[in-house]
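Single-structure report; data block below.
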Amino acid sequence: MVILVLNCGSSSAKYQVYDWEAKDILAVGNVEKVTLKGSFISHKAKGKEEYVVEHDCPDHTEAVNLIIKLLTDKEHGVITDMGIIKAVGHRVVHGGDKFIKSVIVDDNVMKTLDEVKDLGPLHNPANIMGIQAAKKVLPNVPHCAIMDTAWHQTMPPESYLYAVPYDWYEKYSVRRYGFHGTSFLYTAKRAAVLLGKDPYKTNLIICHLGNGASVNAVKDGCSFDTSMGMTPLEGLIMGTRSGDADPALPFYVMRKAGLSAAEMESALNKKSGLLGITGQYVDRRDIQKATLAGDARAKLAQDMEAQRVKKYIGAYQATLGRVDALVFTAGVGEFAFFIRKKILEGLEGIGIVYDPKKNDLACTRNTETLISKPESKIPVYIIPTDEELVMTEDAYALMAGTYDVHTKFTYSFQSKDYVNKGRAEGLKEELKKKPDLQSVIAVPK
């Protein structure tokens, strides 16, 4: 039995193929530049070299067709026929307040997703197109929608409401929704395992740091507050998004520069953040290289990014009262040791004491690591996220009729004995090159 998961963006279609019986990843890949010229697919099957081929994909249906064709290819494929695929999981960024858990897609679900698509104008249309395309190619298997926003539906009103006219909430669904929910679910459950605690007696601050970034306050195993808001624009400074800013700022600049509402929305989402400060860089590696070369604006961007994260860590510690662990995850959180350093420096006053040497070592996706000193009141973990596994398990359970909201459902990775086979194999090879990495591997208590 094979589960396919799809994450369709406006011009991309990422995928993973998972063998349920073997509990192993068969293939991963991405179709890039969908709807654009020069589209191509990058496909990596287990035990094989990455395969890249150019292929014109004018729409998402063609992209999904290309994925299916490659999965069953005699040379590069991993399955013999499409009958082996028993379910498809789809990432949906914004489910509004209509979904508290993953669901099997039917006409009513599609209608609801269409109704809330204006809440996620940069992501939801592509997510919907991906579902429609996959249903055309694979019409006889259940398609499951896994919502980024579902995890945050446990937030109380004091966390999710804005201090604006209350009828905006009633009429237009204006409220905080939060995102990166699948990542937060995975890392929250894994943190509880590492701490040896009941997940529903565990308080955490989780920093999901990537091109998009957010912080989540987890209280008693459930989302209590989060930095992203009604859209993914609010909160941290991101690759191209401004994050928190004075609400009057857009109106001032629109008047001064003569910008339209659409132009301002584009500027805040696509031309701000680290790109806006540096004038040219989005990738943190490029910013670090420029910083070391003496670029003052690159250094400023790093300092601003770290300062914003620090503010949220402090705020969420006050919100939670007791914090059992601080967690870093996602691409930047897992690998950008120089960003973590700037964030963690000076937090001794709130009980967080990190080890600089351990921080420098802990740059891997193959294992969970612990980078705090023994005297730190709050341990600091780096937990590589696995959103695809959450999507896979949700899709399988929905198909099998065993799924429920996360407080009533147990994932495989909540076991102390859980092993990700692919990452375990990768760790063996990595330790041959970096034996000191062994010293920071986190072991469940």
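If you're wondering about the labels, chains in the structure tokens are A, B, ... by order shown, residues count from 1 in each chain, ligands from 1 in order shown.
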
Each region 277-304 of chain A residue no farther than 12 Å from region 316-339 of chain A, nearest pair in Å, only C-alpha atoms, as CSV:
```
residue,atom,partner,partner_atom,distance
A:Val282,CA,A:Val332,CA,11.6
A:Asp283,CA,A:Val332,CA,9.3
A:Arg284,CA,A:Ala336,CA,7.4
A:Arg285,CA,A:Ala336,CA,7.7
A:Asp286,CA,A:Ala336,CA,11.3
A:Ile287,CA,A:Ile339,CA,10.5
A:Gln288,CA,A:Phe338,CA,7.8
A:Lys289,CA,A:Phe338,CA,10.9
A:Thr291,CA,A:Phe338,CA,10.9
A:Leu292,CA,A:Phe338,CA,11.1
A:Lys299,CA,A:Ile339,CA,10.9
A:Ala301,CA,A:Ile339,CA,10.7
A:Gln302,CA,A:Ile339,CA,7.0
A:Asp303,CA,A:Ile339,CA,8.6
A:Met304,CA,A:Ile339,CA,10.6
```

Let me see the file: selected residues, N, CA and C atoms, as an mmCIF file, in the first residue's frame.
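Output file part-v1.cif is given in full below:
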```cif
data_model
loop_
_atom_site.group_PDB
_atom_site.id
_atom_site.type_symbol
_atom_site.label_atom_id
_atom_site.label_comp_id
_atom_site.auth_asym_id
_atom_site.auth_seq_id
_atom_site.Cartn_x
_atom_site.Cartn_y
_atom_site.Cartn_z
ATOM 1 N N VAL A 282 17.611 36.869 -0.026
ATOM 2 C CA VAL A 282 16.548 36.179 0.697
ATOM 3 C C VAL A 282 17.120 34.993 1.461
ATOM 4 N N ASP A 283 17.984 34.244 0.804
ATOM 5 C CA ASP A 283 18.599 33.062 1.399
ATOM 6 C C ASP A 283 19.522 33.473 2.542
ATOM 7 N N ARG A 284 19.329 32.852 3.720
ATOM 8 C CA ARG A 284 20.148 33.213 4.888
ATOM 9 C C ARG A 284 21.621 32.915 4.679
ATOM 10 N N ARG A 285 21.943 31.932 3.845
ATOM 11 C CA ARG A 285 23.354 31.634 3.561
ATOM 12 C C ARG A 285 24.007 32.791 2.816
ATOM 13 N N ASP A 286 23.274 33.378 1.875
ATOM 14 C CA ASP A 286 23.793 34.540 1.152
ATOM 15 C C ASP A 286 23.947 35.736 2.083
ATOM 16 N N ILE A 287 22.996 35.880 2.996
ATOM 17 C CA ILE A 287 23.061 36.993 3.943
ATOM 18 C C ILE A 287 24.241 36.815 4.896
ATOM 19 N N GLN A 288 24.487 35.582 5.340
ATOM 20 C CA GLN A 288 25.620 35.314 6.222
ATOM 21 C C GLN A 288 26.940 35.589 5.509
ATOM 22 N N LYS A 289 27.032 35.161 4.266
ATOM 23 C CA LYS A 289 28.256 35.400 3.483
ATOM 24 C C LYS A 289 28.493 36.900 3.315
ATOM 25 N N THR A 291 27.336 39.256 5.276
ATOM 26 C CA THR A 291 27.636 39.807 6.599
ATOM 27 C C THR A 291 29.110 39.642 6.929
ATOM 28 N N LEU A 292 29.636 38.458 6.687
ATOM 29 C CA LEU A 292 31.049 38.190 6.964
ATOM 30 C C LEU A 292 31.966 39.023 6.069
ATOM 31 N N LYS A 299 24.082 42.475 7.767
ATOM 32 C CA LYS A 299 24.180 42.289 9.213
ATOM 33 C C LYS A 299 22.938 42.835 9.912
ATOM 34 N N ALA A 301 19.944 43.019 8.700
ATOM 35 C CA ALA A 301 18.844 42.095 8.459
ATOM 36 C C ALA A 301 18.902 40.917 9.425
ATOM 37 N N GLN A 302 20.097 40.374 9.642
ATOM 38 C CA GLN A 302 20.269 39.275 10.607
ATOM 39 C C GLN A 302 19.877 39.708 12.006
ATOM 40 N N ASP A 303 20.370 40.877 12.408
ATOM 41 C CA ASP A 303 20.078 41.367 13.757
ATOM 42 C C ASP A 303 18.578 41.602 13.946
ATOM 43 N N MET A 304 17.926 42.142 12.928
ATOM 44 C CA MET A 304 16.486 42.395 13.013
ATOM 45 C C MET A 304 15.703 41.088 13.095
#
```

Which residues come within 7 Å of region 84-95 of chain A, counting only C-alpha atoms, excluding same-chain residues fewer than 2 positions away, as a ChimeraX atom specification? /A:1-7,81-82,97-99,113,116,119-120,123-124,127,131,141-149,391-392,395-396,399

Per DSSP on the backbone, what are the helix (DSSP H, G or I) residues of region 12-97 of chain A, as a list in words? His60, Thr61, Glu62, Ala63, Val64, Asn65, Leu66, Ile67, Ile68, Lys69, Leu70, Leu71, Met82, Gly83 and Ile84 of chain A

Atoms to include: all heavy atoms. Write the selected residues as an mmCIF file, in the first residue's frame.
```cif
data_model
loop_
_atom_site.group_PDB
_atom_site.id
_atom_site.type_symbol
_atom_site.label_atom_id
_atom_site.label_comp_id
_atom_site.auth_asym_id
_atom_site.auth_seq_id
_atom_site.Cartn_x
_atom_site.Cartn_y
_atom_site.Cartn_z
ATOM 1 N N HIS A 60 -1.578 22.468 -13.479
ATOM 2 C CA HIS A 60 -1.273 21.497 -12.434
ATOM 3 C C HIS A 60 -1.698 20.076 -12.818
ATOM 4 O O HIS A 60 -1.122 19.105 -12.328
ATOM 5 C CB HIS A 60 -1.929 21.922 -11.115
ATOM 6 C CG HIS A 60 -1.225 23.067 -10.449
ATOM 7 N ND1 HIS A 60 -1.363 24.366 -10.877
ATOM 8 C CD2 HIS A 60 -0.363 23.100 -9.404
ATOM 9 C CE1 HIS A 60 -0.626 25.162 -10.111
ATOM 10 N NE2 HIS A 60 -0.011 24.423 -9.209
ATOM 11 N N THR A 61 -2.691 19.956 -13.677
ATOM 12 C CA THR A 61 -3.085 18.623 -14.138
ATOM 13 C C THR A 61 -1.944 17.956 -14.879
ATOM 14 O O THR A 61 -1.642 16.776 -14.664
ATOM 15 C CB THR A 61 -4.333 18.710 -15.056
ATOM 16 O OG1 THR A 61 -5.409 19.283 -14.331
ATOM 17 C CG2 THR A 61 -4.736 17.322 -15.548
ATOM 18 N N GLU A 62 -1.275 18.708 -15.731
ATOM 19 C CA GLU A 62 -0.130 18.169 -16.464
ATOM 20 C C GLU A 62 1.019 17.848 -15.505
ATOM 21 O O GLU A 62 1.736 16.861 -15.679
ATOM 22 C CB GLU A 62 0.338 19.162 -17.523
ATOM 23 C CG GLU A 62 1.471 18.650 -18.402
ATOM 24 C CD GLU A 62 1.118 17.394 -19.175
ATOM 25 O OE1 GLU A 62 -0.075 17.211 -19.506
ATOM 26 O OE2 GLU A 62 2.029 16.578 -19.447
ATOM 27 N N ALA A 63 1.191 18.686 -14.471
ATOM 28 C CA ALA A 63 2.246 18.422 -13.481
ATOM 29 C C ALA A 63 1.984 17.113 -12.737
ATOM 30 O O ALA A 63 2.893 16.304 -12.541
ATOM 31 C CB ALA A 63 2.335 19.587 -12.491
ATOM 32 N N VAL A 64 0.735 16.897 -12.320
ATOM 33 C CA VAL A 64 0.386 15.663 -11.622
ATOM 34 C C VAL A 64 0.529 14.469 -12.565
ATOM 35 O O VAL A 64 1.018 13.404 -12.172
ATOM 36 C CB VAL A 64 -1.036 15.739 -11.037
ATOM 37 C CG1 VAL A 64 -1.443 14.399 -10.437
ATOM 38 C CG2 VAL A 64 -1.116 16.834 -9.982
ATOM 39 N N ASN A 65 0.135 14.635 -13.832
ATOM 40 C CA ASN A 65 0.320 13.566 -14.819
ATOM 41 C C ASN A 65 1.798 13.204 -14.970
ATOM 42 O O ASN A 65 2.161 12.030 -15.082
ATOM 43 C CB ASN A 65 -0.232 14.006 -16.182
ATOM 44 C CG ASN A 65 -1.704 13.683 -16.349
ATOM 45 O OD1 ASN A 65 -2.143 12.591 -15.992
ATOM 46 N ND2 ASN A 65 -2.468 14.613 -16.889
ATOM 47 N N LEU A 66 2.646 14.222 -14.956
ATOM 48 C CA LEU A 66 4.083 14.004 -15.070
ATOM 49 C C LEU A 66 4.608 13.231 -13.868
ATOM 50 O O LEU A 66 5.433 12.309 -14.010
ATOM 51 C CB LEU A 66 4.811 15.351 -15.197
ATOM 52 C CG LEU A 66 6.334 15.309 -15.239
ATOM 53 C CD1 LEU A 66 6.836 14.496 -16.428
ATOM 54 C CD2 LEU A 66 6.902 16.730 -15.290
ATOM 55 N N ILE A 67 4.146 13.588 -12.678
ATOM 56 C CA ILE A 67 4.560 12.882 -11.462
ATOM 57 C C ILE A 67 4.170 11.409 -11.553
ATOM 58 O O ILE A 67 4.998 10.517 -11.298
ATOM 59 C CB ILE A 67 3.918 13.533 -10.215
ATOM 60 C CG1 ILE A 67 4.486 14.936 -9.993
ATOM 61 C CG2 ILE A 67 4.142 12.661 -8.974
ATOM 62 C CD1 ILE A 67 3.721 15.750 -8.964
ATOM 63 N N ILE A 68 2.935 11.137 -11.936
ATOM 64 C CA ILE A 68 2.446 9.764 -12.039
ATOM 65 C C ILE A 68 3.259 8.983 -13.072
ATOM 66 O O ILE A 68 3.632 7.824 -12.845
ATOM 67 C CB ILE A 68 0.951 9.748 -12.412
ATOM 68 C CG1 ILE A 68 0.120 10.441 -11.325
ATOM 69 C CG2 ILE A 68 0.471 8.324 -12.656
ATOM 70 C CD1 ILE A 68 0.307 9.886 -9.941
ATOM 71 N N LYS A 69 3.522 9.615 -14.203
ATOM 72 C CA LYS A 69 4.296 8.958 -15.265
ATOM 73 C C LYS A 69 5.679 8.560 -14.764
ATOM 74 O O LYS A 69 6.162 7.450 -15.042
ATOM 75 C CB LYS A 69 4.426 9.894 -16.469
ATOM 76 C CG LYS A 69 5.183 9.282 -17.649
ATOM 77 C CD LYS A 69 5.251 10.269 -18.813
ATOM 78 C CE LYS A 69 6.021 9.660 -19.981
ATOM 79 N NZ LYS A 69 6.115 10.628 -21.134
ATOM 80 N N LEU A 70 6.306 9.454 -13.991
ATOM 81 C CA LEU A 70 7.649 9.170 -13.501
ATOM 82 C C LEU A 70 7.639 8.115 -12.397
ATOM 83 O O LEU A 70 8.550 7.284 -12.308
ATOM 84 C CB LEU A 70 8.288 10.462 -12.989
ATOM 85 C CG LEU A 70 9.824 10.489 -12.895
ATOM 86 C CD1 LEU A 70 10.466 10.027 -14.193
ATOM 87 C CD2 LEU A 70 10.292 11.889 -12.559
ATOM 88 N N LEU A 71 6.591 8.122 -11.581
ATOM 89 C CA LEU A 71 6.510 7.140 -10.493
ATOM 90 C C LEU A 71 6.380 5.721 -11.016
ATOM 91 O O LEU A 71 6.788 4.761 -10.354
ATOM 92 C CB LEU A 71 5.326 7.458 -9.573
ATOM 93 C CG LEU A 71 5.420 8.738 -8.745
ATOM 94 C CD1 LEU A 71 4.165 8.916 -7.901
ATOM 95 C CD2 LEU A 71 6.655 8.737 -7.860
ATOM 96 N N MET A 82 -0.661 2.310 -10.896
ATOM 97 C CA MET A 82 -1.319 3.286 -10.035
ATOM 98 C C MET A 82 -2.269 2.657 -9.016
ATOM 99 O O MET A 82 -2.650 3.278 -8.043
ATOM 100 C CB MET A 82 -2.094 4.295 -10.888
ATOM 101 C CG MET A 82 -1.198 5.144 -11.781
ATOM 102 S SD MET A 82 0.195 5.841 -10.879
ATOM 103 C CE MET A 82 -0.681 6.821 -9.690
ATOM 104 N N GLY A 83 -2.641 1.380 -9.244
ATOM 105 C CA GLY A 83 -3.525 0.709 -8.304
ATOM 106 C C GLY A 83 -2.920 0.535 -6.928
ATOM 107 O O GLY A 83 -3.633 0.289 -5.947
ATOM 108 N N ILE A 84 -1.606 0.667 -6.838
ATOM 109 C CA ILE A 84 -0.919 0.521 -5.548
ATOM 110 C C ILE A 84 -1.165 1.734 -4.652
ATOM 111 O O ILE A 84 -1.146 1.636 -3.428
ATOM 112 C CB ILE A 84 0.598 0.300 -5.784
ATOM 113 C CG1 ILE A 84 0.822 -1.009 -6.548
ATOM 114 C CG2 ILE A 84 1.369 0.281 -4.471
ATOM 115 C CD1 ILE A 84 2.247 -1.236 -6.974
#
```

Suppose you want the space between CA of Ala126 (chain A) and CA of Gly279 (chain A); what is it in Å? 28.3 Å

Write out as JSON, numbers by chain the set of residues from region 127-366 of chain A that DSSP, computed on the backbone, places in strand (DSSP E). {"A": [143, 144, 145, 146, 147, 204, 205, 206, 207, 208, 209, 213, 214, 215, 216, 217, 218, 219, 222, 223, 224, 225, 226, 325, 326, 327, 328, 329]}

Please report, as CSV, each residue of region 216-244 of chain A lying at most 12 Å from region 172-182 of chain A, together with the nearest pair of atoms and the separation in Å rounded to one decimal; use only C-alpha atoms, and order rows by chain and ascending residue number.
```
residue,atom,partner,partner_atom,distance
A:Asn216,CA,A:Gly178,CA,8.6
A:Ala217,CA,A:Gly178,CA,11.1
A:Val218,CA,A:Gly181,CA,11.4
A:Cys222,CA,A:Gly181,CA,10.7
A:Ser223,CA,A:Gly181,CA,8.9
A:Phe224,CA,A:Gly178,CA,10.5
A:Asp225,CA,A:Gly178,CA,8.3
A:Thr226,CA,A:Gly178,CA,6.0
A:Ser227,CA,A:Gly178,CA,7.0
A:Met228,CA,A:Gly178,CA,4.9
A:Gly229,CA,A:Arg176,CA,4.2
A:Met230,CA,A:Arg176,CA,4.4
A:Thr231,CA,A:Tyr177,CA,7.3
A:Pro232,CA,A:Phe179,CA,6.8
A:Leu233,CA,A:Gly178,CA,10.1
A:Glu234,CA,A:Gly178,CA,9.2
A:Gly235,CA,A:Gly178,CA,9.9
```

Can I get the selected residues back with C-alpha atoms, as a PDB file, in the first residue's frame?
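The file below, selection_24.pdb, is the result:
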```pdb
ATOM      1  CA  ASN A 216       3.954  28.809  18.342  1.00  0.00           C
ATOM      2  CA  ALA A 217       3.139  28.809  22.041  1.00  0.00           C
ATOM      3  CA  VAL A 218       1.980  25.286  22.926  1.00  0.00           C
ATOM      4  CA  CYS A 222      -2.248  22.318  22.119  1.00  0.00           C
ATOM      5  CA  SER A 223      -1.723  25.540  20.224  1.00  0.00           C
ATOM      6  CA  PHE A 224      -2.373  28.500  22.522  1.00  0.00           C
ATOM      7  CA  ASP A 225      -0.974  31.413  20.513  1.00  0.00           C
ATOM      8  CA  THR A 226       1.038  31.932  17.333  1.00  0.00           C
ATOM      9  CA  SER A 227       2.825  34.756  15.551  1.00  0.00           C
ATOM     10  CA  MET A 228       1.195  34.490  12.115  1.00  0.00           C
ATOM     11  CA  GLY A 229      -2.247  35.976  11.892  1.00  0.00           C
ATOM     12  CA  MET A 230      -5.203  36.116   9.552  1.00  0.00           C
ATOM     13  CA  THR A 231      -2.661  35.609   6.760  1.00  0.00           C
ATOM     14  CA  PRO A 232       0.980  34.444   6.783  1.00  0.00           C
ATOM     15  CA  LEU A 233       2.145  38.073   6.624  1.00  0.00           C
ATOM     16  CA  GLU A 234       2.020  38.844  10.360  1.00  0.00           C
ATOM     17  CA  GLY A 235       4.711  38.031  12.907  1.00  0.00           C
TER      18      GLY A 235
END
```

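With only C-alpha atoms as the atoms that count, the residue of A:Leu370, A:Tyr411, A:Asn359, A:Ile128 with the shortest distance to Lys111 (chain A) is A:Ile128.
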
List the neighbours of Arg365 (chain A) out to 9 Å using only C-alpha atoms; skip same-chain residues closer than 3 positions along the sequence, and give me the result as number ranges by chain. A: 331, 334-335, 368, 383-385, 423, 426-427

Just give me the gap between CA of Lys201 (chain A) and CA of Lys358 (chain A) in Å, one decimal is fine. 27.8 Å

Shell of 7 Å around Tyr200 (chain A), only C-alpha atoms, local chain residues under 2 positions omitted, as a ChimeraX atom specification: /A:198,202,220-221

So that I can check the surroundings of Glu345 (chain A), please list as JSON, numbers by chain every protein, DNA and RNA residue that reaches within 10 Å of it, counting only C-alpha atoms and ignoring chain neighbours fewer than 5 positions away. {"A": [306, 310, 340, 352, 353, 354, 355, 356]}

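The interatomic distance for the pair CA of Lys421 (chain A) and CA of Lys197 (chain A) works out to 24.3 Å.
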